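What follows is the content of upload-v1.csv (CSV, C-alpha atoms).
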chain,number,residue,atom,x,y,z
A,375,MET,CA,0.0,0.0,0.0
A,376,ALA,CA,1.3,3.4,-1.0
A,377,ASP,CA,0.3,5.0,2.3
A,378,ALA,CA,2.7,3.3,4.7
A,379,PRO,CA,6.1,3.1,2.9
A,380,THR,CA,9.2,2.0,4.7
A,381,PRO,CA,12.0,4.0,3.1
A,382,ILE,CA,15.5,2.5,2.9
A,383,MET,CA,18.5,4.5,2.1
A,384,PHE,CA,19.6,3.6,-1.4
A,385,ALA,CA,22.3,6.0,-2.5
A,386,VAL,CA,23.9,9.3,-1.6
A,387,VAL,CA,25.0,11.9,-4.2
A,388,THR,CA,27.1,14.7,-2.9
A,389,THR,CA,29.2,17.6,-3.9
A,390,ASN,CA,30.7,17.8,-0.5
A,391,ARG,CA,32.2,14.5,0.3
A,392,GLU,CA,33.4,15.4,3.8
A,393,THR,CA,29.7,15.6,5.0
A,394,VAL,CA,29.1,11.9,4.3
A,395,VAL,CA,30.7,9.2,6.3
A,396,GLY,CA,30.2,5.5,6.2
A,397,GLY,CA,26.8,3.8,5.9
A,398,MET,CA,25.2,1.2,3.8
A,399,ALA,CA,24.5,3.2,0.7
A,400,PRO,CA,27.0,4.0,-2.1
A,401,VAL,CA,28.1,7.6,-2.3
A,402,PHE,CA,28.4,9.3,-5.7
A,403,VAL,CA,30.5,12.4,-5.8
A,404,ALA,CA,29.6,15.1,-8.2
A,405,GLU,CA,31.5,18.1,-9.4
A,406,ASP,CA,28.8,20.7,-8.9
A,407,GLU,CA,25.1,20.9,-8.1
A,408,ALA,CA,23.9,20.6,-11.7
A,409,GLU,CA,25.9,17.4,-12.1
A,410,ARG,CA,24.6,16.2,-8.7
A,411,ASP,CA,21.0,16.7,-9.7
A,412,ARG,CA,21.6,15.0,-13.0
A,413,ILE,CA,23.1,11.9,-11.4
A,414,ALA,CA,20.3,11.9,-8.8
A,415,LEU,CA,17.7,12.1,-11.6
A,416,TRP,CA,19.4,9.3,-13.5
A,417,ILE,CA,19.6,7.0,-10.5
A,418,SER,CA,16.0,7.7,-9.5
A,419,ARG,CA,14.7,6.9,-13.0
A,420,ILE,CA,16.7,3.7,-13.1
A,421,THR,CA,15.8,2.5,-9.6
A,422,ASN,CA,12.4,4.2,-8.9
A,423,ALA,CA,14.0,5.9,-5.9
A,424,ILE,CA,12.8,9.2,-4.4
A,425,VAL,CA,15.3,12.1,-4.2
A,426,HIS,CA,15.5,14.2,-1.0
A,427,ASP,CA,17.7,17.2,-0.7
A,428,LEU,CA,19.5,17.8,2.6
A,429,HIS,CA,20.6,21.3,1.5
A,430,ASN,CA,24.2,20.8,2.5
A,431,GLY,CA,25.4,19.7,-0.9
A,432,THR,CA,24.1,16.2,-0.5
A,433,VAL,CA,21.0,14.6,-1.9
A,434,ILE,CA,19.9,11.2,-0.7
A,435,LEU,CA,17.9,8.6,-2.6
A,436,THR,CA,15.4,6.3,-0.8
A,437,VAL,CA,13.3,3.5,-2.1
A,438,ASN,CA,10.1,2.4,-0.5
A,439,GLN,CA,10.2,-1.2,0.5
A,440,SER,CA,6.7,-2.0,-0.5
A,441,GLY,CA,7.2,-0.4,-3.9
A,442,SER,CA,4.3,1.5,-5.6
B,638,MET,CA,-49.2,-35.4,-0.6
B,639,SER,CA,-50.6,-32.3,-2.4
B,640,ALA,CA,-53.9,-33.8,-3.5
B,641,ALA,CA,-55.9,-30.8,-2.6
B,642,THR,CA,-53.5,-28.0,-3.5
B,643,PRO,CA,-55.4,-24.8,-3.9
B,644,PRO,CA,-54.8,-22.8,-7.1
B,645,ILE,CA,-51.6,-20.8,-6.7
B,646,ASN,CA,-51.9,-17.1,-6.5
B,647,TRP,CA,-49.1,-15.9,-8.7
B,648,THR,CA,-49.6,-12.2,-8.3
B,649,PRO,CA,-47.6,-11.7,-5.1
B,650,MET,CA,-44.7,-13.6,-6.6
B,651,ILE,CA,-44.7,-11.6,-9.8
B,652,VAL,CA,-45.0,-8.2,-8.0
B,653,GLY,CA,-42.5,-9.1,-5.4
B,654,PHE,CA,-40.0,-10.4,-8.0
B,655,ALA,CA,-40.4,-7.2,-10.0
B,656,ALA,CA,-39.8,-5.0,-7.0
B,657,GLY,CA,-36.7,-6.9,-5.9
B,658,LEU,CA,-35.2,-6.9,-9.3
B,659,VAL,CA,-35.9,-3.2,-9.8
B,660,SER,CA,-34.3,-2.4,-6.4
B,661,ARG,CA,-31.2,-4.4,-7.2
B,662,ILE,CA,-30.8,-3.0,-10.8
B,663,LEU,CA,-31.3,0.6,-9.5
B,664,TYR,CA,-28.2,0.2,-7.4
B,665,LEU,CA,-26.1,-1.1,-10.3
B,666,ARG,CA,-25.5,2.4,-11.6
B,667,ASN,CA,-22.8,3.4,-9.1
B,668,GLY,CA,-20.4,2.7,-11.9
B,669,ARG,CA,-17.3,4.6,-11.0
B,670,THR,CA,-17.0,3.8,-7.3
B,671,HIS,CA,-18.1,0.3,-7.5
B,672,TYR,CA,-17.6,-2.8,-9.6
B,673,PRO,CA,-19.2,-3.7,-12.1
B,674,GLY,CA,-17.7,-1.8,-15.0
B,675,TYR,CA,-18.0,-4.2,-17.9
B,676,PRO,CA,-20.8,-6.2,-19.6
B,677,SER,CA,-19.7,-9.5,-18.1
B,678,GLY,CA,-19.8,-7.9,-14.6
B,679,TYR,CA,-23.3,-6.7,-15.3
B,680,VAL,CA,-24.5,-10.1,-16.5
B,681,SER,CA,-23.3,-11.8,-13.3
B,682,GLN,CA,-24.9,-9.1,-11.2
B,683,VAL,CA,-28.2,-9.2,-13.0
B,684,ALA,CA,-28.2,-13.0,-12.7
B,685,LEU,CA,-27.6,-12.7,-9.0
B,686,ALA,CA,-30.3,-10.1,-8.8
B,687,ILE,CA,-32.8,-12.4,-10.5
B,688,ILE,CA,-32.0,-15.2,-8.1
B,689,ALA,CA,-32.2,-12.9,-5.0
B,690,ALA,CA,-35.5,-11.5,-6.1
B,691,LEU,CA,-36.9,-14.9,-6.9
B,692,ILE,CA,-35.9,-16.3,-3.5
B,693,GLY,CA,-37.4,-13.3,-1.7
B,694,SER,CA,-40.7,-13.3,-3.6
B,695,SER,CA,-41.4,-17.0,-3.7
B,696,ILE,CA,-41.0,-17.6,0.0
B,697,ILE,CA,-44.4,-16.1,1.0
B,698,VAL,CA,-46.2,-18.0,-1.8
B,699,ALA,CA,-44.5,-21.2,-0.6
B,700,LEU,CA,-45.5,-20.6,3.0
B,701,VAL,CA,-49.1,-19.8,2.1
B,702,GLY,CA,-49.3,-22.9,-0.1
B,703,LYS,CA,-48.0,-24.8,2.9
B,704,GLN,CA,-45.0,-25.9,1.0
B,705,PHE,CA,-42.6,-25.8,4.0
B,706,THR,CA,-40.0,-27.9,2.4
B,707,ALA,CA,-39.8,-25.4,-0.4
B,708,ALA,CA,-39.6,-22.5,2.0
B,709,THR,CA,-36.7,-24.2,3.9
B,710,PHE,CA,-34.8,-24.7,0.7
B,711,LEU,CA,-35.3,-21.1,-0.2
B,712,THR,CA,-33.8,-19.9,3.1
B,713,LEU,CA,-30.9,-22.3,2.4
B,714,ALA,CA,-30.4,-20.8,-1.0
B,715,ALA,CA,-30.3,-17.3,0.6
B,716,THR,CA,-27.3,-18.2,2.7
B,717,GLN,CA,-25.4,-18.9,-0.5
B,718,PHE,CA,-25.1,-15.2,-1.0
B,719,ARG,CA,-22.5,-15.0,1.7
B,720,ASP,CA,-19.9,-16.1,-0.7
B,721,VAL,CA,-20.6,-13.1,-3.0
B,722,ARG,CA,-18.7,-10.9,-0.6
B,723,ASN,CA,-15.6,-13.0,-0.6
B,724,THR,CA,-15.6,-13.2,-4.3
B,725,GLU,CA,-16.0,-9.5,-4.7
B,726,ARG,CA,-13.2,-8.8,-2.2
B,727,LEU,CA,-10.8,-11.2,-3.9
B,728,THR,CA,-11.5,-9.6,-7.3
B,729,LEU,CA,-10.8,-6.1,-6.0
B,730,GLU,CA,-7.7,-7.2,-4.1
B,731,LYS,CA,-6.2,-8.8,-7.2
B,732,GLU,CA,-7.1,-5.6,-9.1
B,733,GLU,CA,-5.4,-3.5,-6.4
B,734,GLN,CA,-1.9,-4.4,-7.5
B,735,LEU,CA,-2.6,-3.1,-11.0
B,736,LEU,CA,-3.9,0.2,-9.9
B,737,LEU,CA,-1.6,3.2,-9.9
B,738,VAL,CA,-3.5,4.7,-7.0
B,739,GLY,CA,-5.0,1.8,-5.0
B,740,ARG,CA,-8.4,1.8,-3.2
B,741,GLY,CA,-6.9,0.5,0.0
B,742,PRO,CA,-8.1,-2.4,2.1
B,743,GLY,CA,-10.7,-0.4,4.0
B,744,TYR,CA,-12.4,0.8,0.8
B,745,ILE,CA,-12.4,-2.7,-0.7
B,746,GLU,CA,-14.0,-4.1,2.4
B,747,GLY,CA,-16.7,-1.4,2.2
B,748,ILE,CA,-17.5,-2.2,-1.4
B,749,ALA,CA,-17.6,-5.9,-0.7
B,750,ILE,CA,-20.0,-5.4,2.2
B,751,THR,CA,-22.2,-3.1,0.3
B,752,TYR,CA,-22.3,-5.5,-2.6
B,753,GLU,CA,-23.4,-8.3,-0.4
B,754,ALA,CA,-25.9,-6.2,1.4
B,755,ARG,CA,-27.5,-5.1,-1.8
B,756,ASN,CA,-28.4,-8.6,-2.7
B,757,TYR,CA,-30.0,-9.2,0.7
B,758,LEU,CA,-31.8,-5.9,0.4
B,759,ALA,CA,-33.2,-7.0,-3.0
B,760,MET,CA,-34.4,-10.1,-1.3
B,761,LEU,CA,-36.0,-8.2,1.5
B,762,VAL,CA,-37.7,-5.8,-0.8
B,763,ALA,CA,-39.1,-8.8,-2.8
B,764,LEU,CA,-40.2,-10.5,0.4
B,765,ALA,CA,-42.0,-7.5,1.8
B,766,THR,CA,-43.6,-6.6,-1.4
B,767,SER,CA,-44.9,-10.1,-2.0
B,768,LEU,CA,-46.2,-10.2,1.6
B,769,VAL,CA,-48.2,-7.0,1.0
B,770,THR,CA,-49.5,-8.3,-2.3
B,771,GLU,CA,-50.6,-11.6,-0.8
B,772,PHE,CA,-52.9,-9.9,1.7
B,773,ALA,CA,-53.9,-6.8,-0.1
B,774,PRO,CA,-55.1,-5.9,-3.6
B,775,PRO,CA,-52.5,-5.9,-6.4
B,776,TRP,CA,-52.5,-2.1,-6.7
B,777,ALA,CA,-51.6,-1.8,-3.0
B,778,GLY,CA,-48.8,-4.3,-3.5
B,779,ILE,CA,-47.4,-2.4,-6.4
B,780,ALA,CA,-47.6,0.9,-4.4
B,781,ALA,CA,-45.9,-0.9,-1.5
B,782,GLY,CA,-43.2,-2.2,-3.9
B,783,VAL,CA,-42.4,1.3,-5.1
B,784,GLY,CA,-42.3,2.5,-1.5
B,785,PHE,CA,-39.9,-0.3,-0.4
B,786,VAL,CA,-37.6,0.3,-3.3
B,787,ALA,CA,-37.4,4.0,-2.4
B,788,VAL,CA,-36.8,3.2,1.3
B,789,GLY,CA,-34.1,0.7,0.3
B,790,GLU,CA,-32.4,3.3,-1.9
B,791,LEU,CA,-32.4,5.8,1.0
B,792,PHE,CA,-31.1,3.1,3.4
B,793,MET,CA,-28.2,2.1,1.1
B,794,SER,CA,-26.9,5.5,0.2
B,795,GLY,CA,-24.4,5.9,3.1
B,796,PRO,CA,-22.9,9.1,4.2
B,797,ARG,CA,-20.3,10.8,2.1
B,798,LEU,CA,-17.1,12.5,3.1
B,799,GLY,CA,-18.5,15.9,2.0
B,800,GLU,CA,-21.0,15.8,4.8
B,801,MET,CA,-18.4,15.7,7.5
B,802,VAL,CA,-15.5,17.5,5.9
B,803,GLU,CA,-15.0,20.9,4.3
B,804,VAL,CA,-13.0,20.7,1.1
B,805,ARG,CA,-11.4,24.0,0.1
B,806,PRO,CA,-9.0,24.8,-2.7
B,807,THR,CA,-5.5,25.9,-1.8
B,808,HIS,CA,-2.2,26.4,-3.4
B,809,VAL,CA,1.0,24.5,-3.3
B,810,ARG,CA,4.3,26.1,-2.3
B,811,PHE,CA,7.8,25.2,-1.3
B,812,GLU,CA,9.2,26.3,2.0
B,813,GLN,CA,12.9,26.1,2.8
B,814,GLU,CA,13.4,25.5,-0.9
B,815,SER,CA,12.2,21.9,-1.0
B,816,LEU,CA,9.4,21.2,1.5
B,817,LEU,CA,6.2,20.9,-0.3
B,818,TYR,CA,3.2,22.5,1.4
B,819,ALA,CA,-0.5,22.3,0.5
B,820,GLY,CA,-1.8,25.4,2.2
B,821,PRO,CA,-0.7,25.1,5.8
B,822,VAL,CA,0.0,21.4,5.7
B,823,MET,CA,3.5,20.0,5.1
B,824,MET,CA,3.4,17.1,2.7
B,825,MET,CA,6.9,15.9,1.8
B,826,GLU,CA,10.4,16.8,0.8
B,827,VAL,CA,11.0,17.0,-2.9
B,828,GLY,CA,14.6,16.8,-3.7
B,829,LEU,CA,14.9,17.3,-7.5
B,830,PRO,CA,14.5,20.8,-9.0
B,831,ASP,CA,12.7,19.2,-12.0
B,832,SER,CA,10.1,17.6,-9.7
B,833,ARG,CA,9.6,20.8,-7.8
B,834,GLU,CA,9.0,22.6,-11.1
B,835,ARG,CA,6.4,20.0,-12.0
B,836,PHE,CA,4.6,20.5,-8.7
B,837,ARG,CA,4.7,24.2,-9.1
B,838,LYS,CA,3.2,24.1,-12.6
B,839,HIS,CA,0.8,21.2,-12.5
B,840,ALA,CA,-0.2,20.4,-8.9
B,841,LEU,CA,-3.7,20.9,-7.5
B,842,ALA,CA,-4.1,21.1,-3.8
B,843,VAL,CA,-7.0,21.2,-1.3
B,844,THR,CA,-7.3,21.4,2.4
B,845,LEU,CA,-9.8,19.1,4.2
B,846,THR,CA,-11.2,20.6,7.4
B,847,PRO,CA,-13.4,18.4,9.5
B,848,LYS,CA,-16.8,19.9,10.4
B,849,SER,CA,-17.3,17.6,13.3
B,850,PRO,CA,-15.4,15.1,15.5
B,851,ARG,CA,-16.7,12.4,13.3
B,852,GLY,CA,-15.2,14.1,10.3
B,853,ALA,CA,-11.8,14.3,12.1
B,854,ALA,CA,-12.0,10.7,13.0
B,855,ALA,CA,-12.6,9.9,9.3
B,856,LEU,CA,-9.6,11.9,8.2
B,857,TRP,CA,-7.3,10.3,10.8
B,858,ASN,CA,-8.2,7.0,9.3
B,859,ILE,CA,-5.5,6.0,6.7
B,860,ALA,CA,-8.0,3.9,4.8
B,861,GLN,CA,-10.3,6.8,4.3
B,862,ARG,CA,-7.5,9.0,3.0
B,863,GLN,CA,-6.4,6.3,0.6
B,864,ALA,CA,-10.0,6.0,-0.6
B,865,LEU,CA,-10.3,9.7,-1.3
B,866,SER,CA,-6.9,9.7,-3.1
B,867,HIS,CA,-8.2,6.9,-5.3
B,868,GLN,CA,-11.4,8.7,-6.0
B,869,ALA,CA,-9.6,11.9,-6.8
B,870,ALA,CA,-7.2,10.1,-9.1
B,871,ALA,CA,-10.1,8.3,-10.8
B,872,ALA,CA,-11.9,11.6,-11.4
B,873,ILE,CA,-9.2,13.8,-12.8
B,874,GLY,CA,-6.4,11.4,-13.5
B,875,VAL,CA,-2.9,11.4,-12.2
B,876,GLN,CA,0.5,12.1,-13.9
B,877,LYS,CA,2.0,8.9,-12.7
B,878,ASP,CA,3.2,5.6,-14.0
B,879,VAL,CA,4.8,2.6,-12.5
B,880,GLY,CA,8.0,3.6,-10.9
B,881,TYR,CA,7.2,7.2,-10.1
B,882,PRO,CA,6.5,7.0,-6.4
B,883,GLU,CA,7.1,10.8,-6.0
B,884,GLN,CA,4.0,11.6,-8.1
B,885,THR,CA,1.5,9.6,-6.1
B,886,PRO,CA,-1.3,11.8,-4.8
B,887,LEU,CA,-0.7,12.5,-1.1
B,888,CYS,CA,-3.1,13.1,1.7
B,889,ARG,CA,-1.5,14.1,5.0
B,890,MET,CA,-2.6,15.5,8.3
B,891,ASP,CA,-1.3,18.8,9.5
B,892,MET,CA,1.0,17.1,11.7
B,893,PRO,CA,2.9,19.1,14.3
B,894,GLN,CA,-0.4,20.7,15.2
B,895,GLY,CA,-2.5,17.6,14.8
B,896,ASN,CA,-5.7,19.7,14.7
B,897,GLY,CA,-7.5,17.3,12.4
B,898,GLU,CA,-6.9,19.3,9.3
B,899,ALA,CA,-5.5,17.5,6.2
B,900,GLY,CA,-3.9,18.6,3.0
B,901,PHE,CA,-4.2,16.8,-0.3
B,902,VAL,CA,-2.0,17.3,-3.3
B,903,ILE,CA,-2.3,15.6,-6.8
B,904,LEU,CA,-0.6,16.0,-10.1
B,905,PRO,CA,-3.7,15.9,-12.3
B,906,VAL,CA,-4.1,15.0,-16.0
B,907,GLU,CA,-7.2,17.1,-16.3
B,908,ARG,CA,-6.7,20.3,-14.4
B,909,ASN,CA,-10.2,20.7,-13.0
B,910,LEU,CA,-10.4,21.8,-9.4
B,911,ASP,CA,-14.2,21.6,-9.2
B,912,LYS,CA,-14.2,18.0,-10.3
B,913,LEU,CA,-11.5,17.2,-7.8
B,914,ILE,CA,-13.4,18.8,-4.9
B,915,ASP,CA,-16.6,17.1,-6.0
B,916,ALA,CA,-14.9,13.7,-6.2
B,917,ILE,CA,-13.4,14.0,-2.7
B,918,LYS,CA,-16.7,15.1,-1.3
B,919,ARG,CA,-18.5,12.2,-2.8
B,920,THR,CA,-16.1,9.6,-1.4
B,921,PRO,CA,-18.0,7.2,0.7
B,922,LEU,CA,-17.4,7.5,4.4
B,923,LEU,CA,-15.8,4.2,5.3
B,924,GLU,CA,-17.0,2.0,8.0
B,925,SER,CA,-13.6,1.5,9.4
B,926,GLY,CA,-13.2,5.3,9.6
B,927,LYS,CA,-16.3,5.8,11.6
B,928,TRP,CA,-15.2,4.3,14.8
B,929,SER,CA,-11.5,5.2,15.0
B,930,ARG,CA,-12.2,7.7,17.8
B,931,VAL,CA,-10.3,5.4,20.2
B,932,THR,CA,-7.1,5.5,18.2
B,933,SER,CA,-7.4,9.0,17.1
B,934,PRO,CA,-4.8,11.2,18.8
B,935,ILE,CA,-7.0,14.3,18.5
B,936,LEU,CA,-10.3,13.0,19.8
B,937,THR,CA,-9.0,11.2,22.9
B,938,LYS,CA,-7.4,14.2,24.5
B,939,PRO,CA,-8.4,17.9,24.9
B,940,PRO,CA,-6.7,20.1,22.4
B,941,ALA,CA,-3.3,21.1,23.9
B,942,ASP,CA,-1.9,24.3,22.5
B,943,HIS,CA,1.5,23.5,21.4
B,944,GLU,CA,3.6,26.2,20.0
B,945,PRO,CA,4.5,25.7,16.4
B,946,HIS,CA,7.8,24.1,15.8
B,947,GLN,CA,11.0,26.1,15.8
B,948,ASP,CA,14.0,24.2,14.5
B,949,GLU,CA,16.9,26.5,15.3
B,950,GLY,CA,20.4,25.4,16.0
B,951,GLY,CA,20.0,21.7,16.5
B,952,HIS,CA,23.3,20.3,17.6
B,953,THR,CA,24.1,17.7,15.0
B,954,SER,CA,27.7,16.7,15.2
B,955,HIS,CA,29.2,14.7,12.4
B,956,GLY,CA,32.2,12.4,12.7

Kindly present the structure from the file in structure tokens form.
Amino acid sequence: MADAPTPIMFAVVTTNRETVVGGMAPVFVAEDEAERDRIALWISRITNAIVHDLHNGTVILTVNQSGS
Amino acid sequence: MSAATPPINWTPMIVGFAAGLVSRILYLRNGRTHYPGYPSGYVSQVALAIIAALIGSSIIVALVGKQFTAATFLTLAATQFRDVRNTERLTLEKEEQLLLVGRGPGYIEGIAITYEARNYLAMLVALATSLVTEFAPPWAGIAAGVGFVAVGELFMSGPRLGEMVEVRPTHVRFEQESLLYAGPVMMMEVGLPDSRERFRKHALAVTLTPKSPRGAAALWNIAQRQALSHQAAAAIGVQKDVGYPEQTPLCRMDMPQGNGEAGFVILPVERNLDKLIDAIKRTPLLESGKWSRVTSPILTKPPADHEPHQDEGGHTSHG
């Protein structure tokens, strides 16, 4: 059901690699914000992930476990 | 055994049968919210309607003719209609996986119950009408039949969400660059600039304000919100396909406040606000939503006046 998703961290795309440490998701490092958004869009289209912006140079991609 | 059978009076059976059939067929026209939608669906429903009306109308005739075996068998046949609900639920549950915006389990259960109840109602209308016709002149029976059908129609049209909840248009906006708001209600975080642009350009949003505690209870029910999302998407379409979870229509409560107000946002295909509001108002009030007072955070405690959030200077230390 689309109403109770369980998001899991899928990937991290960042322009500021010092702000991201460890974790289960792969980290993609981008040159600038345009490139970062492009990578995020690509990954989200390939994997059906949702992109969330943390506003510190990093965007995260999450997938809902139940799909939808 | 039946050496001296009196001539059978067919009139009660015919009038009762007609009334039952008419009452069942009248309820068939709820096309968009309820199954059926296709000729095969109608055929099976009409067939069930005929059986139900026949059972209801023949029972009085059988009893008057002292055919108790027949009457017993008829009651036995009536219990077969229990399965109808399961069949209906299974069909809708299978279909659920293929819908972009699902109905939700609460709505499916509601439809299945209604579907079952309608068959029983057709049976009752047929029974009552044939009873009147048996002991009164045919014209009185016909009049009673019309009356029973009307009463049944009133009885079966349950409350709609619009009676409990005020639906008002609002606008979407982004706060702190990427937090999507429908009026005062925070919906979600939208990370991609492209997606934000899509929401700014295409999204329609409404706020749902409960008129009564019962309306609030309905909105706190997740199944009810899923049902209204489904109805809205069915009415104006949704720009979504498999694998676009971000573009699912969302209905969320105004959460830090928890005052029972909800926001709804959708990316429509047909940009028609009136149609959207109408569809939400006509969403049936779900049975599971009626009694969620107990679990509702807002109805069980007196409204505490929390200050709105202020997220300044949270100490988040990294590494």

As a list in words, please: the residues near Ser849 of chain B (cut-off 9 Å, all atoms listed in the file, same-chain neighbours under 5 positions excluded).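 Listed by chain and then number, they are Met801, Val802 and Ala854 of chain B.
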
Pairwise distance for atom CA of Ala404 of chain A and atom CA of Gln884 of chain B, rounded to one decimal in Å: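 Between these atoms lies a distance of 25.8 Å.
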
Can I get the residues of chain A within 9 Å of chain B, each with the closest pair of atoms and their distance in Å to one decimal, using all atoms listed in the file, sorted chain first then ascending number, as CSV?
residue,atom,partner,partner_atom,distance
A:Met375,CA,B:Gly741,CA,6.9
A:Ala376,CA,B:Gly739,CA,7.6
A:Asp377,CA,B:Gln863,CA,7.0
A:Ala378,CA,B:Ile859,CA,8.9
A:Thr393,CA,B:His955,CA,7.5
A:Val394,CA,B:His955,CA,8.6
A:Val395,CA,B:Gly956,CA,7.3
A:Asp411,CA,B:Leu829,CA,6.5
A:Arg412,CA,B:Leu829,CA,9.0
A:Ala414,CA,B:Leu829,CA,7.7
A:Leu415,CA,B:Leu829,CA,7.2
A:Ser418,CA,B:Tyr881,CA,8.8
A:Arg419,CA,B:Gly880,CA,7.8
A:Ile420,CA,B:Gly880,CA,9.0
A:Thr421,CA,B:Gly880,CA,8.0
A:Asn422,CA,B:Gly880,CA,4.9
A:Ala423,CA,B:Pro882,CA,7.6
A:Ile424,CA,B:Glu883,CA,6.1
A:Val425,CA,B:Gly828,CA,4.8
A:His426,CA,B:Gly828,CA,3.9
A:Asp427,CA,B:Gly828,CA,4.3
A:Leu428,CA,B:Gly828,CA,8.0
A:His429,CA,B:Glu814,CA,8.7
A:Val433,CA,B:Gly828,CA,7.0
A:Ile434,CA,B:Gly828,CA,8.3
A:Leu435,CA,B:Gly828,CA,8.9
A:Val437,CA,B:Pro882,CA,8.8
A:Asn438,CA,B:Pro882,CA,8.3
A:Gly441,CA,B:Pro882,CA,7.8
A:Ser442,CA,B:Pro882,CA,6.0

Point-to-point distance in Å for atom CA of Phe792 of chain B and atom CA of Glu730 of chain B: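 Atom CA of Phe792 of chain B lies 26.6 Å from atom CA of Glu730 of chain B.
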
Take atom CA of Gln868 of chain B and atom CA of Met892 of chain B and report the distance between them in Å, one decimal.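 The value is 23.2 Å.
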
Protein/DNA/RNA residues near (27.4, 16.5, -9.1), cut 10 Å, only C-alpha atoms, as a list in words: Val387, Thr388, Thr389, Asn390, Phe402, Val403, Ala404, Glu405, Asp406, Glu407, Ala408, Glu409, Arg410, Asp411, Arg412, Ile413, Ala414, Gly431, Thr432 and Val433 of chain A

For Gly397 of chain A, please output as a ChimeraX atom specification all residues within 10 Å (counting all atoms listed in the file; exclusion window: fewer than 5 positions along the same chain). /A:383,385-386

For the residues in that selection, give me C-alpha atoms as a PDB file, in the coordinates of the input.
ATOM      1  CA  MET A 383      18.500   4.500   2.100  1.00  0.00           C
ATOM      2  CA  ALA A 385      22.300   6.000  -2.500  1.00  0.00           C
ATOM      3  CA  VAL A 386      23.900   9.300  -1.600  1.00  0.00           C
TER       4      VAL A 386
END
